$ cat final.cif   # mmCIF, C-alpha atoms and all ligand atoms
data_data
#
loop_
_atom_site.label_atom_id
_atom_site.label_comp_id
_atom_site.auth_asym_id
_atom_site.auth_seq_id
_atom_site.Cartn_x
_atom_site.Cartn_y
_atom_site.Cartn_z
CA MET Z 3 0.91 11.78 -25.18
CA LEU Z 4 -2.19 11.02 -27.28
CA PRO Z 5 -5.39 10.00 -25.49
CA THR Z 6 -6.03 6.27 -25.47
CA ILE Z 7 -9.27 4.50 -26.41
CA LEU Z 8 -9.75 4.05 -22.67
CA ASP Z 9 -9.79 7.81 -22.17
CA ILE Z 10 -12.34 8.22 -24.93
CA MET Z 11 -14.54 5.47 -23.52
CA GLN Z 12 -14.41 6.99 -20.09
CA TYR Z 13 -15.56 10.39 -21.28
CA ARG Z 14 -12.63 12.04 -19.62
CA ARG Z 15 -12.69 15.64 -20.83
CA ILE Z 16 -12.86 14.58 -24.46
CA SER Z 17 -15.91 16.27 -25.89
CA PHE Z 18 -14.95 16.91 -29.52
CA LEU Z 19 -15.90 13.33 -30.43
CA ARG Z 20 -19.44 13.65 -29.11
CA VAL Z 21 -21.81 12.86 -31.98
CA LYS Z 22 -25.07 11.02 -32.47
CA PRO Z 23 -25.42 7.25 -32.60
CA SER Z 24 -25.78 5.46 -35.91
CA PRO Z 25 -29.34 4.24 -36.61
CA PHE Z 26 -30.58 1.29 -34.58
CA GLU Z 27 -33.76 -0.63 -33.91
CA TYR Z 28 -35.30 -0.33 -30.45
CA LEU Z 29 -37.00 -3.29 -28.78
CA ALA Z 30 -38.75 -3.20 -25.43
CA PRO Z 31 -39.55 -6.79 -24.43
CA THR Z 32 -41.54 -7.56 -21.29
CA SER Z 33 -40.10 -10.96 -20.39
CA VAL Z 34 -36.67 -12.57 -20.14
CA GLY Z 35 -37.69 -15.10 -22.81
CA GLU Z 36 -38.41 -12.26 -25.27
CA VAL Z 37 -35.03 -10.65 -24.49
CA LEU Z 38 -33.22 -13.92 -25.21
CA SER Z 39 -35.13 -14.41 -28.48
CA ALA Z 40 -34.30 -10.86 -29.59
CA LEU Z 41 -30.59 -11.30 -28.77
CA SER Z 42 -30.58 -14.57 -30.69
CA GLN Z 43 -32.47 -13.10 -33.65
CA PHE Z 44 -29.86 -10.33 -34.12
CA GLU Z 45 -27.04 -12.90 -33.95
CA GLY Z 46 -24.78 -10.88 -31.66
CA GLU Z 47 -25.44 -7.50 -33.29
CA ALA Z 48 -27.91 -6.33 -30.64
CA LYS Z 49 -26.96 -4.81 -27.28
CA VAL Z 50 -28.80 -5.04 -23.98
CA LEU Z 51 -29.84 -1.61 -22.68
CA ALA Z 52 -29.89 -1.48 -18.86
CA GLY Z 53 -29.09 1.93 -17.27
CA GLY Z 54 -27.53 3.19 -20.51
CA GLN Z 55 -24.86 5.09 -18.58
CA SER Z 56 -21.99 3.46 -20.48
CA LEU Z 57 -23.79 2.12 -23.54
CA ILE Z 58 -25.29 5.39 -24.76
CA PRO Z 59 -22.05 7.46 -24.54
CA SER Z 60 -20.23 4.64 -26.38
CA MET Z 61 -22.88 4.77 -29.12
CA ASN Z 62 -22.76 8.56 -29.27
CA PHE Z 63 -18.99 8.36 -29.78
CA ARG Z 64 -19.71 5.69 -32.43
CA LEU Z 65 -17.29 3.40 -30.67
CA ILE Z 66 -20.03 0.79 -31.03
CA ARG Z 67 -22.82 0.60 -33.62
CA PRO Z 68 -25.33 -2.06 -32.58
CA ARG Z 69 -28.08 -2.92 -35.06
CA ALA Z 70 -30.60 -3.02 -32.19
CA LEU Z 71 -31.02 -2.14 -28.52
CA VAL Z 72 -32.92 -4.59 -26.35
CA ASP Z 73 -34.24 -2.52 -23.44
CA ILE Z 74 -34.68 -4.66 -20.31
CA ASN Z 75 -36.16 -1.90 -18.13
CA ARG Z 76 -39.74 -3.20 -18.36
CA ILE Z 77 -38.91 -6.62 -16.92
CA ALA Z 78 -39.86 -6.40 -13.25
CA GLU Z 79 -38.51 -9.88 -12.44
CA LEU Z 80 -34.94 -8.60 -13.04
CA GLY Z 81 -35.21 -6.11 -10.16
CA HIS Z 82 -34.65 -8.74 -7.44
CA ALA Z 83 -32.12 -8.38 -4.61
CA TYR Z 84 -32.13 -10.92 -1.77
CA GLU Z 85 -30.06 -13.36 0.27
CA GLU Z 86 -30.06 -16.95 -0.90
CA ARG Z 87 -27.84 -19.89 0.05
CA GLY Z 88 -24.96 -17.88 1.52
CA ALA Z 89 -24.98 -15.23 -1.19
CA PHE Z 90 -26.52 -11.83 -1.86
CA VAL Z 91 -28.18 -12.02 -5.26
CA VAL Z 92 -28.35 -8.85 -7.36
CA GLY Z 93 -30.73 -8.87 -10.35
CA ALA Z 94 -29.95 -7.18 -13.67
CA LEU Z 95 -32.12 -4.14 -12.92
CA VAL Z 96 -30.82 -3.28 -9.45
CA ARG Z 97 -29.49 0.29 -9.68
CA HIS Z 98 -26.27 1.37 -7.99
CA ALA Z 99 -28.24 3.68 -5.66
CA ALA Z 100 -30.34 0.79 -4.33
CA LEU Z 101 -27.19 -0.64 -2.75
CA ALA Z 102 -26.77 2.48 -0.62
CA LYS Z 103 -29.68 1.19 1.48
CA SER Z 104 -29.50 -1.47 4.15
CA VAL Z 105 -29.84 -4.57 1.94
CA THR Z 106 -28.40 -7.24 4.24
CA THR Z 107 -27.26 -7.42 7.85
CA ASP Z 108 -24.13 -9.31 6.75
CA PRO Z 109 -20.98 -7.09 6.66
CA LEU Z 110 -21.34 -7.27 2.86
CA GLY Z 111 -24.22 -4.77 3.23
CA LYS Z 112 -21.87 -2.30 4.92
CA LEU Z 113 -19.27 -2.87 2.20
CA LEU Z 114 -21.83 -2.13 -0.53
CA ASN Z 115 -22.85 1.05 1.32
CA MET Z 116 -19.18 2.05 1.62
CA VAL Z 117 -18.53 1.59 -2.11
CA VAL Z 118 -21.69 3.15 -3.65
CA PRO Z 119 -20.72 6.84 -3.24
CA HIS Z 120 -17.60 6.23 -5.34
CA VAL Z 121 -19.60 5.09 -8.39
CA GLY Z 122 -19.89 8.14 -10.66
CA HIS Z 123 -22.32 10.92 -9.72
CA TYR Z 124 -25.78 10.69 -8.15
CA PRO Z 125 -27.78 10.71 -11.44
CA ILE Z 126 -25.54 7.90 -12.76
CA ARG Z 127 -26.10 5.90 -9.58
CA VAL Z 128 -29.87 6.29 -9.85
CA ARG Z 129 -29.96 4.95 -13.40
CA GLY Z 130 -26.91 2.69 -13.86
CA THR Z 131 -27.04 -0.92 -12.72
CA PHE Z 132 -24.69 -3.15 -10.73
CA VAL Z 133 -24.99 -5.94 -13.31
CA GLY Z 134 -24.47 -3.49 -16.21
CA SER Z 135 -21.14 -2.57 -14.60
CA MET Z 136 -20.14 -6.25 -14.74
CA ALA Z 137 -21.09 -6.54 -18.42
CA HIS Z 138 -19.28 -3.29 -19.25
CA ALA Z 139 -16.15 -4.49 -17.37
CA ASP Z 140 -14.24 -1.27 -16.85
CA PRO Z 141 -11.09 -2.31 -14.95
CA ALA Z 142 -11.53 0.63 -12.56
CA ALA Z 143 -15.26 0.04 -11.90
CA GLU Z 144 -15.85 -0.35 -8.18
CA TRP Z 145 -18.38 -3.18 -8.51
CA CYS Z 146 -16.04 -5.18 -10.76
CA ILE Z 147 -13.33 -4.87 -8.09
CA LEU Z 148 -15.81 -6.07 -5.48
CA ALA Z 149 -16.90 -9.02 -7.64
CA MET Z 150 -13.31 -10.09 -8.28
CA THR Z 151 -12.21 -9.62 -4.66
CA LEU Z 152 -15.08 -11.64 -3.24
CA GLY Z 153 -15.31 -14.27 -5.99
CA ALA Z 154 -18.83 -13.39 -7.18
CA GLU Z 155 -20.63 -15.55 -9.73
CA MET Z 156 -22.29 -14.25 -12.91
CA VAL Z 157 -25.49 -15.95 -14.05
CA ALA Z 158 -25.91 -15.83 -17.84
CA ARG Z 159 -28.77 -17.05 -20.02
CA SER Z 160 -29.32 -17.43 -23.74
CA THR Z 161 -31.96 -19.31 -25.76
CA GLU Z 162 -29.53 -22.24 -25.75
CA ARG Z 163 -28.38 -22.52 -22.14
CA ALA Z 164 -27.99 -21.07 -18.64
CA ARG Z 165 -24.56 -20.97 -17.04
CA VAL Z 166 -22.70 -19.60 -14.03
CA ILE Z 167 -19.36 -17.88 -14.65
CA PRO Z 168 -16.96 -17.19 -11.73
CA ALA Z 169 -15.65 -13.59 -11.67
CA GLU Z 170 -12.12 -14.89 -12.17
CA ASP Z 171 -13.14 -16.33 -15.58
CA PHE Z 172 -15.66 -13.64 -16.43
CA PHE Z 173 -13.39 -10.56 -16.54
CA GLN Z 174 -10.93 -10.98 -19.37
CA THR Z 175 -9.49 -7.57 -20.23
CA VAL Z 176 -10.59 -3.94 -20.71
CA PHE Z 177 -14.32 -3.94 -21.59
CA THR Z 178 -14.08 -7.65 -22.44
CA THR Z 179 -15.83 -10.49 -20.62
CA ALA Z 180 -16.63 -14.16 -21.14
CA LEU Z 181 -20.25 -13.24 -21.92
CA GLU Z 182 -21.45 -14.23 -25.41
CA PRO Z 183 -23.22 -11.44 -27.37
CA THR Z 184 -26.44 -13.49 -27.35
CA GLU Z 185 -26.37 -13.94 -23.55
CA LEU Z 186 -28.19 -11.90 -20.94
CA LEU Z 187 -26.62 -11.52 -17.51
CA THR Z 188 -29.67 -12.10 -15.32
CA GLU Z 189 -28.04 -11.79 -11.89
CA VAL Z 190 -24.81 -11.75 -9.92
CA ARG Z 191 -24.31 -13.77 -6.72
CA ILE Z 192 -21.96 -12.21 -4.19
CA PRO Z 193 -20.85 -14.48 -1.31
CA LEU Z 194 -21.86 -13.21 2.12
CA LEU Z 195 -18.86 -12.39 4.31
CA GLY Z 196 -19.99 -13.67 7.71
CA PRO Z 197 -19.71 -12.01 11.12
CA THR Z 198 -15.91 -12.23 11.47
CA ALA Z 199 -15.28 -10.06 8.40
CA ARG Z 200 -13.86 -6.56 8.59
CA ILE Z 201 -13.85 -4.35 5.55
CA GLY Z 202 -12.04 -1.46 3.87
CA PHE Z 203 -12.27 0.34 0.54
CA GLN Z 204 -10.20 3.22 -0.78
CA GLU Z 205 -9.82 4.84 -4.16
CA PHE Z 206 -8.14 7.86 -5.67
CA SER Z 207 -9.55 9.92 -8.51
CA ARG Z 208 -8.66 13.44 -9.54
CA ARG Z 209 -12.23 14.74 -9.23
CA ALA Z 210 -15.22 13.44 -7.30
CA GLY Z 211 -17.24 11.12 -9.56
CA ASP Z 212 -14.38 10.33 -11.92
CA PHE Z 213 -13.25 6.76 -12.47
CA ALA Z 214 -10.50 5.84 -10.01
CA LEU Z 215 -6.86 6.06 -11.06
CA ALA Z 216 -6.43 3.18 -8.63
CA ALA Z 217 -8.63 1.53 -6.00
CA ALA Z 218 -8.09 -1.05 -3.25
CA MET Z 219 -10.52 -3.28 -1.35
CA ALA Z 220 -9.45 -5.17 1.78
CA ILE Z 221 -11.45 -7.82 3.63
CA VAL Z 222 -10.01 -9.65 6.63
CA PHE Z 223 -11.68 -12.58 8.37
CA MET Z 224 -10.77 -12.72 12.07
CA ASP Z 225 -10.27 -15.66 14.43
CA GLN Z 226 -9.33 -15.04 18.07
CA GLY Z 227 -7.63 -11.71 17.39
CA ARG Z 228 -5.71 -12.88 14.32
CA ILE Z 229 -6.42 -12.71 10.62
CA ARG Z 230 -7.60 -16.15 9.51
CA ASP Z 231 -7.99 -15.18 5.85
CA ALA Z 232 -7.70 -12.03 3.75
CA ARG Z 233 -8.79 -10.71 0.39
CA VAL Z 234 -7.10 -7.73 -1.24
CA GLY Z 235 -8.52 -6.54 -4.57
CA LEU Z 236 -7.20 -3.82 -6.85
CA GLY Z 237 -8.71 -1.82 -9.71
CA GLY Z 238 -7.36 0.58 -12.31
CA VAL Z 239 -3.96 -1.10 -12.44
CA ALA Z 240 -4.45 -3.79 -15.09
CA GLY Z 241 -6.83 -4.68 -17.92
CA ARG Z 242 -9.16 -6.21 -15.35
CA PRO Z 243 -9.52 -6.10 -11.56
CA VAL Z 244 -6.92 -8.24 -9.80
CA ARG Z 245 -6.27 -9.78 -6.40
CA ALA Z 246 -2.97 -9.06 -4.64
CA LYS Z 247 -2.30 -12.63 -3.58
CA SER Z 248 1.10 -12.07 -1.99
CA ALA Z 249 -0.45 -9.39 0.24
CA GLU Z 250 -3.26 -11.78 1.17
CA GLN Z 251 -0.72 -14.47 2.01
CA VAL Z 252 1.33 -12.29 4.35
CA LEU Z 253 -1.79 -11.16 6.20
CA ARG Z 254 -2.87 -14.71 7.11
CA GLY Z 255 -2.06 -15.33 10.77
CA ALA Z 256 -1.10 -11.66 11.41
CA MET Z 257 -2.67 -9.35 13.98
CA LEU Z 258 -4.58 -6.22 12.93
CA GLU Z 259 -1.53 -4.00 13.19
CA ARG Z 260 0.35 -1.42 11.14
CA ARG Z 261 3.52 -3.43 10.50
CA ALA Z 262 1.64 -6.31 8.86
CA PHE Z 263 -0.45 -3.83 6.89
CA GLN Z 264 2.64 -2.00 5.61
CA GLU Z 265 4.25 -5.26 4.54
CA ALA Z 266 1.07 -6.31 2.72
CA ALA Z 267 0.83 -2.90 1.01
CA ASP Z 268 4.47 -3.10 -0.13
CA LEU Z 269 3.90 -6.59 -1.54
CA ALA Z 270 0.73 -5.50 -3.36
CA ALA Z 271 2.65 -2.61 -4.97
CA GLN Z 272 5.44 -4.98 -6.05
CA GLU Z 273 2.99 -7.51 -7.42
CA VAL Z 274 1.21 -5.18 -9.86
CA ASP Z 275 2.44 -3.97 -13.23
CA PRO Z 276 0.15 -0.95 -13.60
CA LEU Z 277 -1.11 0.58 -16.83
CA GLU Z 278 0.35 3.90 -17.91
CA ASP Z 279 -1.76 6.61 -19.55
CA ILE Z 280 -2.19 10.40 -19.66
CA HIS Z 281 -3.48 10.32 -16.06
CA GLY Z 282 -0.53 8.66 -14.40
CA SER Z 283 2.73 6.85 -14.95
CA ARG Z 284 3.31 3.23 -14.03
CA GLU Z 285 5.34 4.25 -11.00
CA TYR Z 286 2.72 6.76 -9.84
CA ARG Z 287 0.01 4.10 -9.92
CA ARG Z 288 2.28 1.67 -8.09
CA ARG Z 289 2.70 4.22 -5.31
CA LEU Z 290 -1.06 4.75 -5.24
CA VAL Z 291 -1.53 1.00 -4.76
CA ARG Z 292 0.84 1.00 -1.79
CA VAL Z 293 -0.95 3.89 -0.10
CA LEU Z 294 -4.50 2.72 -0.88
CA VAL Z 295 -3.95 -0.88 0.26
CA HIS Z 296 -2.44 0.39 3.50
CA ARG Z 297 -5.37 2.75 4.10
CA ALA Z 298 -7.96 0.09 3.23
CA LEU Z 299 -6.33 -2.29 5.71
CA LEU Z 300 -6.25 0.39 8.42
CA GLN Z 301 -9.98 0.87 7.80
CA THR Z 302 -10.58 -2.78 8.75
CA ILE Z 303 -9.60 -1.92 12.34
CA GLU Z 304 -12.56 0.44 12.62
CA THR Z 305 -15.26 -1.70 11.00
C1 LIG X 1 -19.79 10.55 -16.28
C2 LIG X 1 -19.80 9.10 -15.87
C3 LIG X 1 -19.04 8.71 -14.78
C4 LIG X 1 -19.03 7.39 -14.39
N1 LIG X 1 -18.26 7.03 -13.31
C5 LIG X 1 -18.22 5.75 -12.94
C6 LIG X 1 -17.44 5.33 -11.82
O1 LIG X 1 -16.77 6.13 -11.17
N2 LIG X 1 -17.44 4.01 -11.51
C7 LIG X 1 -18.18 3.09 -12.23
O2 LIG X 1 -18.13 1.91 -11.90
N3 LIG X 1 -18.94 3.46 -13.25
C8 LIG X 1 -18.99 4.75 -13.63
N4 LIG X 1 -19.76 5.09 -14.70
C9 LIG X 1 -20.49 4.03 -15.46
C10 LIG X 1 -21.79 3.64 -14.77
O3 LIG X 1 -21.54 3.05 -13.53
C11 LIG X 1 -22.62 2.65 -15.60
O4 LIG X 1 -23.84 2.69 -14.99
C12 LIG X 1 -22.18 1.21 -15.66
O5 LIG X 1 -20.89 1.08 -16.19
C13 LIG X 1 -23.03 0.36 -16.61
O6 LIG X 1 -24.28 0.16 -16.10
P1 LIG X 1 -25.57 0.49 -16.96
O7 LIG X 1 -26.70 -0.17 -16.27
O8 LIG X 1 -25.67 1.95 -17.19
O9 LIG X 1 -25.28 -0.31 -18.32
P2 LIG X 1 -25.52 0.09 -19.84
O10 LIG X 1 -24.83 1.38 -20.13
O11 LIG X 1 -26.95 -0.02 -20.18
O12 LIG X 1 -24.73 -1.10 -20.53
C14 LIG X 1 -23.32 -1.20 -20.47
C15 LIG X 1 -22.88 -2.43 -21.28
O13 LIG X 1 -23.28 -3.61 -20.61
C16 LIG X 1 -24.21 -4.36 -21.40
N5 LIG X 1 -25.22 -4.85 -20.45
C17 LIG X 1 -25.85 -4.13 -19.49
N6 LIG X 1 -26.63 -4.94 -18.76
C18 LIG X 1 -26.49 -6.18 -19.27
C19 LIG X 1 -27.04 -7.44 -18.93
N7 LIG X 1 -27.90 -7.60 -17.91
N8 LIG X 1 -26.68 -8.53 -19.66
C20 LIG X 1 -25.81 -8.40 -20.70
N9 LIG X 1 -25.25 -7.23 -21.06
C21 LIG X 1 -25.59 -6.13 -20.35
C22 LIG X 1 -24.75 -3.40 -22.42
O14 LIG X 1 -25.18 -4.05 -23.59
C23 LIG X 1 -23.53 -2.53 -22.67
O15 LIG X 1 -22.64 -3.18 -23.53
C24 LIG X 1 -19.81 6.42 -15.10
C25 LIG X 1 -20.62 6.83 -16.18
C26 LIG X 1 -20.62 8.16 -16.56
C27 LIG X 1 -21.50 8.57 -17.70
#

$ encode --input "final.cif" --output "structure tokens" --more "lines below"
Ligand SMILES: Cc1cc2nc3c(=O)[nH]c(=O)nc-3n(C[C@H](O)[C@H](O)[C@H](O)COP(=O)(O)OP(=O)(O)OC[C@H]3O[C@@H](n4cnc5c(N)ncnc54)[C@H](O)[C@@H]3O)c2cc1C
Amino acid sequence: MLPTILDIMQYRRISFLRVKPSPFEYLAPTSVGEVLSALSQFEGEAKVLAGGQSLIPSMNFRLIRPRALVDINRIAELGHAYEERGAFVVGALVRHAALAKSVTTDPLGKLLNMVVPHVGHYPIRVRGTFVGSMAHADPAAEWCILAMTLGAEMVARSTERARVIPAEDFFQTVFTTALEPTELLTEVRIPLLGPTARIGFQEFSRRAGDFALAAAMAIVFMDQGRIRDARVGLGGVAGRPVRAKSAEQVLRGAMLERRAFQEAADLAAQEVDPLEDIHGSREYRRRLVRVLVHRALLQTIET
């Protein structure tokens, strides 16, 4: 089977296409206002440069040829990360690695810590950004799964307007979001989970640091020994991260026990219609979903 565009984009053992980028202008603004003006001036033909961990390989493969790069790395105000009105707010320059630290006492902090080691390799985590992952919108990206599972909100600004886009509307399909080319994603707001939440995250990739073939996130909210509410998110199985709503439904009112978890995992596997590529058949990914959802739910017992 021939490699797909997805394989090329994800730098999976395909090195013969590695070339140099086509010529581009480089801008290094020092304020958000200057970034927005630059994006507007190039009328959608400029790209924001954050960590560069996805953008630069895509340019080197000449999959994209922006006329200009607008480097946001000198804008200190985009490095914010704090709790505000029931959410943890992550600014556009917060690197993956920063989320390995204790950033909030809410269980969300523990979930972020749990997920970070799965994002690429250490040098990628030091440079790449959480918000850049959102804008890049790889359907297997761990942070996109987290944003979709928890219903995060994306804050976008252009010279014309500021708007908030729910994750559900933001992620459209592979590498495609609701963001306009003249918009800057300034921050992402992730709802805090609260003290009754228990968490689990599992993924499978062939080598450490590779993108996941499939990944599952499970959050259960407890009330007097039973599951009051549940969120089950999946990545790597569709053009964008998805929630397994039938699994969530069956978990509501259940105890934290294996039988309910198995039923939820079976339903999640039935609900998805996974992608097929050189790394795995549809059926293989479906089986991965069943196993990973079950394991992620078992993890909630320990957290
Ligand atoms: C070998 C390798 C393995 C990897 N493995 C994984 C993995 O397992 N899981 C994973 O999730 N990721 C992985 N990545 C990707 C990595 O996490 C990137 O850091 C991330 O996808 C993008 O973040 P960035 O800051 O580097 O964005 P950039 O590369 O700078 O930008 C990516 C895209 O988003 C746009 N963009 C960035 N920030 C903004 C913004 N604030 N507003 C508007 N547009 C913006 C850019 O214009 C560009 O189109 C891997 C990368 C490599 C090279």

$ residues_near_ligand --input "final.cif" --ligand "ligand LIG 1 (chain X)" --cutoff "6 Å" --atoms "only C-alpha atoms and all ligand atoms" --output "list in words"
Lys49, Val50, Leu51, Ala52, Gly53, Gly54, Gln55, Ser56, Leu57, Ala94, His120, Val121, Gly122, Ile126, Gly130, Thr131, Val133, Gly134, Ser135, Ala137, His138, Ala143, Glu144, Leu186, Leu187, Thr188, Gly211, Asp212 and Phe213 of chain Z

$ atom_distance --input "final.cif" --atom1 "CA of Thr178 (chain Z)" --atom2 "CA of Ile66 (chain Z)"
13.4 Å

$ residues_around --input "final.cif" --residues "Arg289 (chain Z)" --least-positions-apart "5" --cutoff "12 Å" --atoms "only C-alpha atoms" --output "PyMOL selection string"
chain Z and resi 206+215-217+239+267-276+282-284+294-296

$ write_last_selection --input "final.cif" --atoms "C-alpha atoms" --output "PDB file, keeping the file's coordinate frame"
ATOM      1  CA  PHE Z 206      -8.140   7.860  -5.670  1.00  0.00           C
ATOM      2  CA  LEU Z 215      -6.860   6.060 -11.060  1.00  0.00           C
ATOM      3  CA  ALA Z 216      -6.430   3.180  -8.630  1.00  0.00           C
ATOM      4  CA  ALA Z 217      -8.630   1.530  -6.000  1.00  0.00           C
ATOM      5  CA  VAL Z 239      -3.960  -1.100 -12.440  1.00  0.00           C
ATOM      6  CA  ALA Z 267       0.830  -2.900   1.010  1.00  0.00           C
ATOM      7  CA  ASP Z 268       4.470  -3.100  -0.130  1.00  0.00           C
ATOM      8  CA  LEU Z 269       3.900  -6.590  -1.540  1.00  0.00           C
ATOM      9  CA  ALA Z 270       0.730  -5.500  -3.360  1.00  0.00           C
ATOM     10  CA  ALA Z 271       2.650  -2.610  -4.970  1.00  0.00           C
ATOM     11  CA  GLN Z 272       5.440  -4.980  -6.050  1.00  0.00           C
ATOM     12  CA  GLU Z 273       2.990  -7.510  -7.420  1.00  0.00           C
ATOM     13  CA  VAL Z 274       1.210  -5.180  -9.860  1.00  0.00           C
ATOM     14  CA  ASP Z 275       2.440  -3.970 -13.230  1.00  0.00           C
ATOM     15  CA  PRO Z 276       0.150  -0.950 -13.600  1.00  0.00           C
ATOM     16  CA  GLY Z 282      -0.530   8.660 -14.400  1.00  0.00           C
ATOM     17  CA  SER Z 283       2.730   6.850 -14.950  1.00  0.00           C
ATOM     18  CA  ARG Z 284       3.310   3.230 -14.030  1.00  0.00           C
ATOM     19  CA  LEU Z 294      -4.500   2.720  -0.880  1.00  0.00           C
ATOM     20  CA  VAL Z 295      -3.950  -0.880   0.260  1.00  0.00           C
ATOM     21  CA  HIS Z 296      -2.440   0.390   3.500  1.00  0.00           C
TER      22      HIS Z 296
END

$ closest_residue --input "final.cif" --among "Z:Arg97, Z:Arg233, Z:Arg163, Z:Arg64" --to "Gly35 (chain Z)" --atoms "only C-alpha atoms"
Z:Arg163

$ atom_distance --input "final.cif" --atom1 "CA of Pro243 (chain Z)" --atom2 "CA of Ile221 (chain Z)"
15.4 Å

$ atom_distance --input "final.cif" --atom1 "CA of Arg200 (chain Z)" --atom2 "CA of Asp108 (chain Z)"
10.8 Å

$ axis_aligned_box --input "final.cif" --around "region 224-230 of chain Z" --padding-each-side "6 Å" --output "lines of an AutoDock Vina configuration file"
center_x = -8.2
center_y = -13.9
center_z = 13.8
size_x = 17.1
size_y = 16.4
size_z = 20.6

$ residues_near_point --input "final.cif" --point "(-37.1, -6.1, -27.8)" --cutoff "10 Å" --atoms "all atoms listed in the file" --output "list in words"
Glu27, Tyr28, Leu29, Ala30, Pro31, Thr32, Ser33, Glu36, Val37, Leu38, Ser39, Ala40, Leu41, Ala48, Val50, Leu51, Ala70, Leu71, Val72, Asp73 and Ile74 of chain Z

$ residues_around --input "final.cif" --residues "Lys22 (chain Z)" --least-positions-apart "5" --cutoff "12 Å" --atoms "all atoms listed in the file" --output "PyMOL selection string"
chain Z and resi 58-67

$ write_last_selection --input "final.cif" --atoms "C-alpha atoms" --output "PDB file, keeping the file's coordinate frame"
ATOM      1  CA  ILE Z  58     -25.290   5.390 -24.760  1.00  0.00           C
ATOM      2  CA  PRO Z  59     -22.050   7.460 -24.540  1.00  0.00           C
ATOM      3  CA  SER Z  60     -20.230   4.640 -26.380  1.00  0.00           C
ATOM      4  CA  MET Z  61     -22.880   4.770 -29.120  1.00  0.00           C
ATOM      5  CA  ASN Z  62     -22.760   8.560 -29.270  1.00  0.00           C
ATOM      6  CA  PHE Z  63     -18.990   8.360 -29.780  1.00  0.00           C
ATOM      7  CA  ARG Z  64     -19.710   5.690 -32.430  1.00  0.00           C
ATOM      8  CA  LEU Z  65     -17.290   3.400 -30.670  1.00  0.00           C
ATOM      9  CA  ILE Z  66     -20.030   0.790 -31.030  1.00  0.00           C
ATOM     10  CA  ARG Z  67     -22.820   0.600 -33.620  1.00  0.00           C
TER      11      ARG Z  67
END

$ closest_residue --input "final.cif" --among "Z:Phe26, Z:Phe223, Z:Phe132, Z:Phe90" --to "Ile147 (chain Z)" --atoms "all atoms listed in the file"
Z:Phe132

$ residues_around --input "final.cif" --residues "Ala199 (chain Z)" --least-positions-apart "2" --cutoff "10 Å" --atoms "all atoms listed in the file" --output "number ranges by chain"
Z: 108-110, 194-197, 201, 221-225, 229-232, 302, 305

$ closest_residue --input "final.cif" --among "Z:Glu189, Z:Arg129, Z:Gly153, Z:Ile167" --to "Val91 (chain Z)" --atoms "only C-alpha atoms"
Z:Glu189

$ closest_residue --input "final.cif" --among "Z:Met219, Z:Met150, Z:Val92, Z:Val105" --to "Phe173 (chain Z)" --atoms "only C-alpha atoms"
Z:Met150

$ closest_residue --input "final.cif" --among "Z:Gln174, Z:Thr179, Z:Gln204, Z:Thr184" --to "Val117 (chain Z)" --atoms "all atoms listed in the file"
Z:Gln204

$ closest_residue --input "final.cif" --among "Z:Ala100, Z:Leu80, Z:Ala158, Z:Ala249" --to "Pro183 (chain Z)" --atoms "all atoms listed in the file"
Z:Ala158
